[in-house]
$ cat work.pdb   # PDB, C-alpha atoms
ATOM      1  CA  MET S 762      -5.908  24.604 -28.043
ATOM      2  CA  SER S 763      -3.566  27.411 -27.011
ATOM      3  CA  GLU S 764      -3.710  25.896 -23.546
ATOM      4  CA  THR S 765      -2.521  22.601 -25.021
ATOM      5  CA  ARG S 766       0.342  24.249 -26.864
ATOM      6  CA  ALA S 767       1.503  25.991 -23.708
ATOM      7  CA  VAL S 768       2.045  22.767 -21.752
ATOM      8  CA  LEU S 769       3.287  20.467 -24.533
ATOM      9  CA  ALA S 770       7.068  20.016 -24.454
ATOM     10  CA  HIS S 771       8.655  20.266 -27.910
ATOM     11  CA  HIS S 772      10.051  16.706 -27.884
ATOM     12  CA  PHE S 773       6.574  15.138 -27.708
ATOM     13  CA  GLU S 774       4.279  14.779 -30.686
ATOM     14  CA  SER S 775       1.047  15.140 -28.782
ATOM     15  CA  LEU S 776      -0.266  15.788 -25.315
ATOM     16  CA  GLU S 777      -1.444  12.200 -25.172
ATOM     17  CA  GLN S 778       2.093  10.966 -25.790
ATOM     18  CA  GLN S 779       3.482  13.356 -23.192
ATOM     19  CA  ASN S 780       0.980  12.205 -20.558
ATOM     20  CA  GLU S 781       1.672   8.563 -21.316
ATOM     21  CA  ALA S 782       5.429   9.052 -21.029
ATOM     22  CA  ALA S 783       5.011  10.636 -17.600
ATOM     23  CA  ALA S 784       2.654   7.887 -16.426
ATOM     24  CA  ILE S 785       5.098   5.194 -17.570
ATOM     25  CA  GLY S 786       7.946   6.946 -15.776
ATOM     26  CA  MET S 787       5.876   6.994 -12.599
ATOM     27  CA  TRP S 788       5.011   3.308 -13.000
ATOM     28  CA  ALA S 789       8.705   2.452 -13.458
ATOM     29  CA  PHE S 790       9.346   4.189 -10.134
ATOM     30  CA  LEU S 791       6.482   2.274  -8.505
ATOM     31  CA  VAL S 792       7.833  -1.062  -9.802
ATOM     32  CA  GLN S 793      11.120  -0.152  -8.128
ATOM     33  CA  GLU S 794       9.128   0.532  -4.950
ATOM     34  CA  VAL S 795       7.510  -2.905  -5.273
ATOM     35  CA  MET S 796      11.031  -4.350  -5.300
ATOM     36  CA  PHE S 797      11.987  -2.286  -2.233
ATOM     37  CA  PHE S 798       9.016  -3.470  -0.182
ATOM     38  CA  GLY S 799       9.349  -6.885  -1.859
ATOM     39  CA  GLY S 800      12.638  -7.423  -0.033
ATOM     40  CA  LEU S 801      10.873  -6.789   3.271
ATOM     41  CA  PHE S 802       7.928  -9.031   2.395
ATOM     42  CA  THR S 803      10.367 -11.782   1.385
ATOM     43  CA  THR S 804      12.195 -11.490   4.706
ATOM     44  CA  TYR S 805       8.808 -11.751   6.422
ATOM     45  CA  LEU S 806       7.910 -14.808   4.343
ATOM     46  CA  VAL S 807      11.124 -16.691   5.140
ATOM     47  CA  TYR S 808      11.129 -15.970   8.884
ATOM     48  CA  ARG S 809       7.430 -16.702   9.178
ATOM     49  CA  VAL S 810       7.934 -20.093   7.489
ATOM     50  CA  LEU S 811      10.851 -20.829   9.810
ATOM     51  CA  HIS S 812       9.235 -19.546  13.038
ATOM     52  CA  PRO S 813       5.422 -19.607  12.723
ATOM     53  CA  GLY S 814       4.912 -19.706  16.505
ATOM     54  CA  ALA S 815       6.846 -16.488  17.129
ATOM     55  CA  PHE S 816       4.833 -14.696  14.433
ATOM     56  CA  ALA S 817       1.465 -15.843  15.809
ATOM     57  CA  GLU S 818       2.524 -14.763  19.300
ATOM     58  CA  GLY S 819       3.797 -11.396  18.076
ATOM     59  CA  SER S 820       0.650 -10.770  16.073
ATOM     60  CA  ALA S 821      -1.435 -11.379  19.199
ATOM     61  CA  HIS S 822       0.244  -8.312  20.770
ATOM     62  CA  LEU S 823      -1.045  -5.999  18.000
ATOM     63  CA  PRO S 824      -4.388  -4.200  18.517
ATOM     64  CA  VAL S 825      -6.704  -5.523  15.788
ATOM     65  CA  ALA S 826      -9.334  -2.809  16.356
ATOM     66  CA  LEU S 827      -6.831   0.021  15.840
ATOM     67  CA  GLY S 828      -5.339  -1.728  12.801
ATOM     68  CA  THR S 829      -8.759  -2.219  11.218
ATOM     69  CA  ALA S 830      -9.758   1.406  11.887
ATOM     70  CA  ASN S 831      -6.479   2.615  10.417
ATOM     71  CA  THR S 832      -7.015   0.497   7.303
ATOM     72  CA  ALA S 833     -10.406   2.189   6.833
ATOM     73  CA  VAL S 834      -8.795   5.624   7.323
ATOM     74  CA  LEU S 835      -6.151   4.885   4.683
ATOM     75  CA  ILE S 836      -8.769   3.577   2.228
ATOM     76  CA  GLY S 837     -10.692   6.813   2.850
ATOM     77  CA  SER S 838      -7.561   8.804   2.052
ATOM     78  CA  SER S 839      -7.226   6.865  -1.216
ATOM     79  CA  LEU S 840     -10.815   7.847  -2.058
ATOM     80  CA  THR S 841     -10.220  11.555  -1.382
ATOM     81  CA  MET S 842      -7.012  11.347  -3.429
ATOM     82  CA  ALA S 843      -8.867   9.700  -6.343
ATOM     83  CA  LEU S 844     -11.524  12.426  -6.133
ATOM     84  CA  GLY S 845      -8.751  15.060  -6.084
ATOM     85  CA  VAL S 846      -7.246  13.640  -9.264
ATOM     86  CA  ARG S 847     -10.710  13.603 -10.832
ATOM     87  CA  ALA S 848     -11.225  17.267  -9.895
ATOM     88  CA  ALA S 849      -7.882  18.087 -11.526
ATOM     89  CA  GLN S 850      -8.893  16.174 -14.673
ATOM     90  CA  LEU S 851     -11.964  18.398 -14.855
ATOM     91  CA  GLY S 852      -9.886  21.546 -14.371
ATOM     92  CA  ARG S 853     -11.301  22.291 -10.906
ATOM     93  CA  GLY S 854      -8.093  23.400  -9.190
ATOM     94  CA  ARG S 855      -9.557  24.608  -5.904
ATOM     95  CA  GLN S 856     -11.726  21.510  -5.475
ATOM     96  CA  CYS S 857      -8.625  19.412  -6.139
ATOM     97  CA  ALA S 858      -6.697  21.335  -3.447
ATOM     98  CA  LEU S 859      -9.496  20.734  -0.929
ATOM     99  CA  PHE S 860      -9.539  16.992  -1.640
ATOM    100  CA  LEU S 861      -5.753  16.877  -1.212
ATOM    101  CA  ALA S 862      -6.107  18.741   2.105
ATOM    102  CA  ALA S 863      -8.659  16.120   3.230
ATOM    103  CA  THR S 864      -6.181  13.398   2.213
ATOM    104  CA  ILE S 865      -3.484  15.068   4.329
ATOM    105  CA  VAL S 866      -5.832  15.164   7.345
ATOM    106  CA  LEU S 867      -6.590  11.421   6.952
ATOM    107  CA  ALA S 868      -2.871  10.681   6.548
ATOM    108  CA  PHE S 869      -2.127  12.444   9.843
ATOM    109  CA  ALA S 870      -4.972  10.521  11.500
ATOM    110  CA  PHE S 871      -3.360   7.263  10.334
ATOM    111  CA  LEU S 872       0.075   8.318  11.605
ATOM    112  CA  GLY S 873      -1.469   9.430  14.916
ATOM    113  CA  VAL S 874      -2.955   5.979  15.495
ATOM    114  CA  LYS S 875       0.376   4.449  14.470
ATOM    115  CA  GLY S 876       2.038   6.673  17.080
ATOM    116  CA  VAL S 877      -0.366   5.382  19.758
ATOM    117  CA  GLU S 878       0.528   1.803  18.776
ATOM    118  CA  TYR S 879       4.268   2.510  18.859
ATOM    119  CA  ALA S 880       3.899   4.131  22.302
ATOM    120  CA  GLU S 881       2.124   1.019  23.545
ATOM    121  CA  LYS S 882       5.008  -1.146  22.299
ATOM    122  CA  TRP S 883       7.436   1.166  24.109
ATOM    123  CA  GLU S 884       5.485   0.740  27.355
ATOM    124  CA  HIS S 885       5.420  -3.044  27.045
ATOM    125  CA  GLY S 886       9.091  -3.246  26.093
ATOM    126  CA  LEU S 887       8.449  -4.736  22.662
ATOM    127  CA  ILE S 888      10.908  -2.698  20.589
ATOM    128  CA  PRO S 889      13.871  -4.923  19.657
ATOM    129  CA  GLY S 890      17.236  -3.297  20.272
ATOM    130  CA  VAL S 891      15.730  -0.217  21.902
ATOM    131  CA  ARG S 892      13.509  -1.347  24.747
ATOM    132  CA  TRP S 893      13.189  -5.094  24.769
ATOM    133  CA  SER S 894      11.742  -6.859  27.814
ATOM    134  CA  PRO S 895       9.080  -9.356  26.723
ATOM    135  CA  GLU S 896       7.191 -11.176  29.439
ATOM    136  CA  ALA S 897       8.577 -14.449  30.775
ATOM    137  CA  GLY S 898       7.810 -17.450  28.582
ATOM    138  CA  ALA S 899       7.753 -15.420  25.371
ATOM    139  CA  ASP S 900       8.975 -17.133  22.215
ATOM    140  CA  ALA S 901      12.748 -16.785  21.877
ATOM    141  CA  ARG S 902      12.294 -15.526  18.304
ATOM    142  CA  LEU S 903       9.628 -12.936  19.139
ATOM    143  CA  ASN S 904      12.166 -10.203  18.393
ATOM    144  CA  LEU S 905      12.145 -11.274  14.720
ATOM    145  CA  PHE S 906       8.449 -10.479  14.428
ATOM    146  CA  PHE S 907       8.741  -7.103  16.115
ATOM    147  CA  ALA S 908      11.893  -6.121  14.216
ATOM    148  CA  LEU S 909       9.968  -6.774  10.977
ATOM    149  CA  TYR S 910       6.872  -5.021  12.349
ATOM    150  CA  PHE S 911       8.822  -1.833  13.049
ATOM    151  CA  VAL S 912      10.881  -1.869   9.845
ATOM    152  CA  MET S 913       7.879  -2.590   7.602
ATOM    153  CA  THR S 914       5.394  -0.196   9.226
ATOM    154  CA  GLY S 915       8.225   2.331   9.683
ATOM    155  CA  CYS S 916       9.136   2.301   5.980
ATOM    156  CA  HIS S 917       5.440   2.565   5.178
ATOM    157  CA  ALA S 918       5.012   5.536   7.548
ATOM    158  CA  LEU S 919       8.089   7.197   6.012
ATOM    159  CA  HIS S 920       6.472   6.884   2.590
ATOM    160  CA  MET S 921       3.371   8.516   4.024
ATOM    161  CA  LEU S 922       5.386  11.442   5.411
ATOM    162  CA  VAL S 923       6.961  11.983   1.986
ATOM    163  CA  GLY S 924       3.463  11.802   0.484
ATOM    164  CA  ILE S 925       2.152  14.417   2.937
ATOM    165  CA  VAL S 926       4.919  16.871   1.964
ATOM    166  CA  LEU S 927       4.264  16.273  -1.751
ATOM    167  CA  MET S 928       0.490  16.645  -1.262
ATOM    168  CA  ALA S 929       1.005  19.975   0.516
ATOM    169  CA  ILE S 930       3.116  21.251  -2.397
ATOM    170  CA  VAL S 931       0.728  19.997  -5.094
ATOM    171  CA  ALA S 932      -2.337  21.272  -3.204
ATOM    172  CA  GLY S 933      -0.773  24.734  -3.058
ATOM    173  CA  ARG S 934      -0.123  24.661  -6.798
ATOM    174  CA  ALA S 935      -3.621  23.381  -7.559
ATOM    175  CA  TRP S 936      -5.145  26.162  -5.447
ATOM    176  CA  GLY S 937      -3.037  28.679  -7.367
ATOM    177  CA  GLY S 938      -4.324  27.400 -10.707
ATOM    178  CA  ARG S 939      -1.128  25.674 -11.851
ATOM    179  CA  TYR S 940      -3.018  22.713 -13.321
ATOM    180  CA  SER S 941      -5.571  22.559 -16.104
ATOM    181  CA  ARG S 942      -7.588  20.018 -18.049
ATOM    182  CA  ALA S 943      -4.611  19.752 -20.382
ATOM    183  CA  ASN S 944      -1.972  19.515 -17.671
ATOM    184  CA  PHE S 945      -2.715  17.722 -14.432
ATOM    185  CA  LEU S 946       0.229  15.314 -14.495
ATOM    186  CA  GLY S 947       1.571  16.486 -11.145
ATOM    187  CA  VAL S 948      -1.692  15.492  -9.473
ATOM    188  CA  GLU S 949      -1.997  12.263 -11.471
ATOM    189  CA  CYS S 950       1.502  11.026 -10.516
ATOM    190  CA  LEU S 951       0.993  12.030  -6.877
ATOM    191  CA  GLY S 952      -2.242  10.010  -6.936
ATOM    192  CA  LEU S 953      -0.409   6.934  -8.250
ATOM    193  CA  TYR S 954       2.149   7.282  -5.453
ATOM    194  CA  TRP S 955      -0.495   7.613  -2.748
ATOM    195  CA  HIS S 956      -2.507   4.634  -3.984
ATOM    196  CA  PHE S 957       0.710   2.596  -3.950
ATOM    197  CA  VAL S 958       1.198   3.491  -0.275
ATOM    198  CA  ASP S 959      -2.362   2.250   0.296
ATOM    199  CA  LEU S 960      -1.568  -0.992  -1.585
ATOM    200  CA  VAL S 961       1.388  -1.753   0.689
ATOM    201  CA  TRP S 962      -0.822  -1.354   3.758
ATOM    202  CA  ILE S 963      -3.548  -3.574   2.274
ATOM    203  CA  PHE S 964      -1.023  -6.430   2.488
ATOM    204  CA  LEU S 965       0.749  -5.349   5.687
ATOM    205  CA  PHE S 966      -2.472  -5.267   7.703
ATOM    206  CA  PRO S 967      -3.507  -8.958   7.439
ATOM    207  CA  LEU S 968       0.103 -10.192   7.476
ATOM    208  CA  LEU S 969       0.971  -8.387  10.707
ATOM    209  CA  TYR S 970      -2.295  -8.012  12.626
ATOM    210  CA  LEU S 971      -4.417 -11.003  11.684
ATOM    211  CA  LEU S 972      -2.292 -14.094  12.271
ATOM    212  CA  HIS S 973      -3.825 -16.979  14.163
ATOM    213  CA  GLY S 974      -2.613 -15.681  17.495
ATOM    214  CA  HIS S 975      -5.166 -12.943  17.920
ATOM    215  CA  ARG S 976      -8.070 -15.330  18.323
ATOM    216  CA  GLY S 977      -9.068 -15.637  21.936
ATOM    217  CA  GLY S 978     -10.131 -12.118  22.774
ATOM    218  CA  HIS S 979      -7.010  -9.941  22.774
ATOM    219  CA  SER S 980      -8.233  -6.474  21.835
TER     220      SER S 980
ATOM    221  CA  MET Y 345      -8.860   9.759 -25.248
ATOM    222  CA  SER Y 346      -9.720  13.367 -24.624
ATOM    223  CA  GLU Y 347      -7.331  16.055 -23.399
ATOM    224  CA  SER Y 348      -8.024  15.241 -19.777
ATOM    225  CA  GLY Y 349      -7.888  11.468 -20.148
ATOM    226  CA  HIS Y 350     -10.585   9.156 -18.927
ATOM    227  CA  VAL Y 351     -12.786  10.855 -16.318
ATOM    228  CA  LEU Y 352     -14.637   8.191 -14.342
ATOM    229  CA  PRO Y 353     -18.115   8.829 -12.973
ATOM    230  CA  LEU Y 354     -18.210   9.475  -9.219
ATOM    231  CA  ARG Y 355     -20.243   6.347  -8.507
ATOM    232  CA  VAL Y 356     -17.297   4.183  -9.657
ATOM    233  CA  TYR Y 357     -15.073   5.689  -6.961
ATOM    234  CA  PHE Y 358     -17.707   5.297  -4.258
ATOM    235  CA  ALA Y 359     -18.450   1.713  -5.315
ATOM    236  CA  VAL Y 360     -14.747   0.803  -5.134
ATOM    237  CA  PHE Y 361     -14.438   2.573  -1.772
ATOM    238  CA  THR Y 362     -17.407   0.604  -0.396
ATOM    239  CA  ALA Y 363     -15.979  -2.671  -1.718
ATOM    240  CA  LEU Y 364     -12.609  -1.911  -0.084
ATOM    241  CA  LEU Y 365     -14.269  -1.231   3.277
ATOM    242  CA  ALA Y 366     -16.323  -4.416   2.971
ATOM    243  CA  GLY Y 367     -13.149  -6.362   2.182
ATOM    244  CA  THR Y 368     -11.449  -4.934   5.274
ATOM    245  CA  ALA Y 369     -14.397  -5.906   7.491
ATOM    246  CA  LEU Y 370     -14.504  -9.369   5.918
ATOM    247  CA  THR Y 371     -10.790 -10.058   6.385
ATOM    248  CA  THR Y 372     -10.950  -9.003  10.068
ATOM    249  CA  TRP Y 373     -14.022 -11.155  10.630
ATOM    250  CA  VAL Y 374     -12.583 -14.232   8.891
ATOM    251  CA  ALA Y 375      -9.449 -13.979  11.042
ATOM    252  CA  THR Y 376     -11.578 -14.652  14.143
ATOM    253  CA  HIS Y 377     -12.274 -18.158  12.811
ATOM    254  CA  ASP Y 378      -9.737 -20.941  12.863
ATOM    255  CA  LEU Y 379      -9.483 -22.312   9.343
ATOM    256  CA  GLY Y 380      -6.021 -23.779   9.780
ATOM    257  CA  PRO Y 381      -3.794 -23.109   6.793
ATOM    258  CA  TRP Y 382      -6.771 -21.583   4.921
ATOM    259  CA  ASN Y 383      -6.655 -18.425   7.056
ATOM    260  CA  ASP Y 384      -3.608 -17.151   5.163
ATOM    261  CA  LEU Y 385      -5.051 -18.081   1.796
ATOM    262  CA  VAL Y 386      -8.333 -16.281   2.478
ATOM    263  CA  ALA Y 387      -6.582 -13.205   3.914
ATOM    264  CA  LEU Y 388      -4.242 -12.958   0.917
ATOM    265  CA  SER Y 389      -7.087 -13.537  -1.554
ATOM    266  CA  ILE Y 390      -9.057 -10.673  -0.027
ATOM    267  CA  ALA Y 391      -5.950  -8.441   0.029
ATOM    268  CA  GLY Y 392      -5.249  -9.369  -3.603
ATOM    269  CA  THR Y 393      -8.803  -8.501  -4.625
ATOM    270  CA  LYS Y 394      -8.631  -5.160  -2.798
ATOM    271  CA  ALA Y 395      -5.269  -4.389  -4.425
ATOM    272  CA  THR Y 396      -6.655  -5.232  -7.863
ATOM    273  CA  LEU Y 397      -9.586  -2.841  -7.338
ATOM    274  CA  VAL Y 398      -7.218  -0.034  -6.300
ATOM    275  CA  ILE Y 399      -4.931  -0.653  -9.283
ATOM    276  CA  LEU Y 400      -7.703  -0.946 -11.876
ATOM    277  CA  TYR Y 401      -9.929   1.954 -10.763
ATOM    278  CA  PHE Y 402      -8.097   4.331  -8.397
ATOM    279  CA  MET Y 403      -4.886   4.056 -10.424
ATOM    280  CA  HIS Y 404      -6.835   4.004 -13.732
ATOM    281  CA  VAL Y 405      -4.919   1.015 -15.116
ATOM    282  CA  ARG Y 406      -8.106  -0.463 -16.547
ATOM    283  CA  TYR Y 407      -8.301   2.497 -18.925
ATOM    284  CA  ALA Y 408      -4.549   2.830 -19.516
ATOM    285  CA  SER Y 409      -2.421   1.673 -22.455
ATOM    286  CA  ARG Y 410      -0.981  -1.821 -22.867
ATOM    287  CA  LEU Y 411       2.462  -0.535 -21.942
ATOM    288  CA  ILE Y 412       1.200   0.532 -18.522
ATOM    289  CA  TRP Y 413      -0.419  -2.882 -18.066
ATOM    290  CA  ILE Y 414       2.976  -4.461 -18.715
ATOM    291  CA  PHE Y 415       4.706  -2.172 -16.205
ATOM    292  CA  SER Y 416       2.141  -2.790 -13.486
ATOM    293  CA  LEU Y 417       2.260  -6.567 -14.027
ATOM    294  CA  ALA Y 418       6.070  -6.682 -14.192
ATOM    295  CA  GLY Y 419       6.495  -5.693 -10.549
ATOM    296  CA  PHE Y 420       4.003  -8.316  -9.429
ATOM    297  CA  LEU Y 421       5.506 -11.093 -11.562
ATOM    298  CA  TRP Y 422       9.064 -10.392 -10.373
ATOM    299  CA  LEU Y 423       7.896 -10.461  -6.787
ATOM    300  CA  MET Y 424       6.163 -13.831  -7.291
ATOM    301  CA  LEU Y 425       9.314 -15.184  -8.947
ATOM    302  CA  PHE Y 426      11.335 -13.928  -5.984
ATOM    303  CA  PHE Y 427       8.986 -15.626  -3.479
ATOM    304  CA  VAL Y 428       8.889 -18.923  -5.358
ATOM    305  CA  LEU Y 429      12.649 -19.207  -5.746
ATOM    306  CA  ILE Y 430      13.351 -18.195  -2.131
ATOM    307  CA  LEU Y 431      10.851 -20.767  -0.845
ATOM    308  CA  ALA Y 432      12.203 -23.407  -3.215
ATOM    309  CA  ASP Y 433      15.447 -22.924  -1.321
ATOM    310  CA  TYR Y 434      14.234 -22.652   2.283
ATOM    311  CA  GLN Y 435      11.509 -25.288   2.007
ATOM    312  CA  THR Y 436      13.880 -27.936   0.658
ATOM    313  CA  ARG Y 437      16.713 -27.507   3.155
ATOM    314  CA  VAL Y 438      17.468 -30.547   5.252
ATOM    315  CA  PRO Y 439      19.298 -30.341   8.555
ATOM    316  CA  VAL Y 440      22.948 -31.293   8.261
ATOM    317  CA  PRO Y 441      24.125 -33.435  11.225
ATOM    318  CA  GLY Y 442      26.550 -31.555  13.436
ATOM    319  CA  TRP Y 443      25.866 -28.208  11.763
ATOM    320  CA  ALA Y 444      24.283 -25.605  14.060
ATOM    321  CA  GLY Y 445      22.664 -23.472  11.381
TER     322      GLY Y 445
END
$ encode --input "work.pdb" --output "structure tokens"
Amino acid sequence: MSETRAVLAHHFESLEQQNEAAAIGMWAFLVQEVMFFGGLFTTYLVYRVLHPGAFAEGSAHLPVALGTANTAVLIGSSLTMALGVRAAQLGRGRQCALFLAATIVLAFAFLGVKGVEYAEKWEHGLIPGVRWSPEAGADARLNLFFALYFVMTGCHALHMLVGIVLMAIVAGRAWGGRYSRANFLGVECLGLYWHFVDLVWIFLFPLLYLLHGHRGGHS
Amino acid sequence: MSESGHVLPLRVYFAVFTALLAGTALTTWVATHDLGPWNDLVALSIAGTKATLVILYFMHVRYASRLIWIFSLAGFLWLMLFFVLILADYQTRVPVPGWAG
């Protein structure tokens, strides 16, 4: 119980109440994040309804195999994060740190693949406003698809970079024994954030990579 | 609720992980078939199911308080409201003669 007393702030009645308050605060932040990405998804929705042909054509340029593999990598990182949170719940600080380190490795793998995809778009001149030279006969609105592709995956990748920095900090603390069975909120909130990043990709992947256009053998 | 909250057995995490991988494989496979307008519906249904699994088990919402349920649903409901109202506008626009919009 002395452990409980040490981590309970004086303005909370119980540890349970303190944990719940923190979780609700984190969820309020995540709802705000839903609104942030919601604006992008809404833009996607409207332009896709207006120009379905451009979106199918743009989607056909994206490598489905790499996208699928990356989805699996990100799901794997969500698993290692969930296991890290579980380790923290059980008071196993070092195990938690190792799971977070594994999550960081998977996150870098995802970003590496993303980098390969971006480089490919650079080569083919499919970056609106930066290097734009689509092949002759391309849909006049193709730039809309690729502008959204880069803004949406870019914002997602930025969230991952922030997550990697936070994971490094929290992993260091967990290794040093900062968390306990009574106080693992730092890990818990980080887990919520990382799973949210996974959620965004779960929707981005089919919406960007799997439109009708990719049927017909484009890798 | 104990001090450390609800600790789920490992098999729950591995089962959810397996289901998420299966969903990913399924959505990629379905996309190779031309189902017309159903492609989007199937893809979004699978994505929705995967998201629900992540929220309920990885994010522990299934075992969380009612207040957290309300927070997690609020974001989703607002987004749906946003989509519906935006489409109600764009889908009902008629071209105005002489207006290059």
$ residues_around --input "work.pdb" --residues "region 963-972 of chain S" --least-positions-apart "6" --cutoff "9 Å" --atoms "only C-alpha atoms" --output "ChimeraX atom specification"
/S:802,805,816-825,828-829,832,836,906,910,913-914 /Y:368,371-372,375-376,383-384,387-388,391-392,394-395
$ closest_atom_pairs --input "work.pdb" --of "chain S" --to "chain Y" --cutoff "8 Å" --atoms "only C-alpha atoms" --output "tab-separated table"
residue	atom	partner	partner_atom	distance
S:Leu776	CA	Y:Glu347	CA	7.3
S:Glu777	CA	Y:Glu347	CA	7.3
S:Ala784	CA	Y:Ile412	CA	7.8
S:Ile785	CA	Y:Ile412	CA	6.2
S:Trp788	CA	Y:Phe415	CA	6.4
S:Ala789	CA	Y:Phe415	CA	6.7
S:Val792	CA	Y:Gly419	CA	4.9
S:Gln793	CA	Y:Gly419	CA	7.6
S:Val795	CA	Y:Gly419	CA	6.1
S:Met796	CA	Y:Leu423	CA	7.0
S:Gly799	CA	Y:Leu423	CA	6.3
S:Thr803	CA	Y:Phe427	CA	6.4
S:Leu806	CA	Y:Phe427	CA	7.9
S:Val807	CA	Y:Leu431	CA	7.2
S:Val825	CA	Y:Thr372	CA	7.9
S:Thr829	CA	Y:Thr368	CA	7.1
S:Thr832	CA	Y:Thr368	CA	7.3
S:Ala833	CA	Y:Leu365	CA	6.3
S:Ile836	CA	Y:Phe361	CA	7.0
S:Gly837	CA	Y:Phe361	CA	7.3
S:Ser839	CA	Y:Phe402	CA	7.7
S:Leu840	CA	Y:Phe361	CA	6.4
S:Ala843	CA	Y:Phe402	CA	5.8
S:Leu844	CA	Y:Tyr357	CA	7.7
S:Arg847	CA	Y:Val351	CA	6.5
S:Gln850	CA	Y:Ser348	CA	5.3
S:Leu851	CA	Y:Ser348	CA	7.1
S:Arg942	CA	Y:Ser348	CA	5.1
S:Ala943	CA	Y:Glu347	CA	5.5
S:Asn944	CA	Y:Ser348	CA	7.7
S:Phe945	CA	Y:Ser348	CA	7.9
S:Gly952	CA	Y:Met403	CA	7.4
S:Leu953	CA	Y:Met403	CA	5.7
S:His956	CA	Y:Met403	CA	6.9
S:Leu960	CA	Y:Ala395	CA	5.8
S:Ile963	CA	Y:Ala391	CA	5.9
S:Phe964	CA	Y:Ala391	CA	5.9
S:Pro967	CA	Y:Ala387	CA	6.3
S:Leu971	CA	Y:Ala375	CA	5.9
S:Leu972	CA	Y:Ala375	CA	7.3
S:His973	CA	Y:Ala375	CA	7.1
S:His975	CA	Y:Thr376	CA	7.6
S:Arg976	CA	Y:Thr376	CA	5.5
$ residues_around --input "work.pdb" --residues "Gly924 (chain S)" --least-positions-apart "3" --cutoff "8 Å" --atoms "all atoms listed in the file" --output "list in words"
His920, Met921, Leu927, Met928, Leu951, Tyr954 and Trp955 of chain S
$ atom_distance --input "work.pdb" --atom1 "CA of Arg934 (chain S)" --atom2 "CA of Cys950 (chain S)"
14.2 Å
$ resolve_selection --input "work.pdb" --expression "the PyMOL selection byres ((chain S and resi 860) around 12)" --output "count of residues only"
36
$ atom_distance --input "work.pdb" --atom1 "CA of Ala363 (chain Y)" --atom2 "CA of Leu827 (chain S)"
20.0 Å
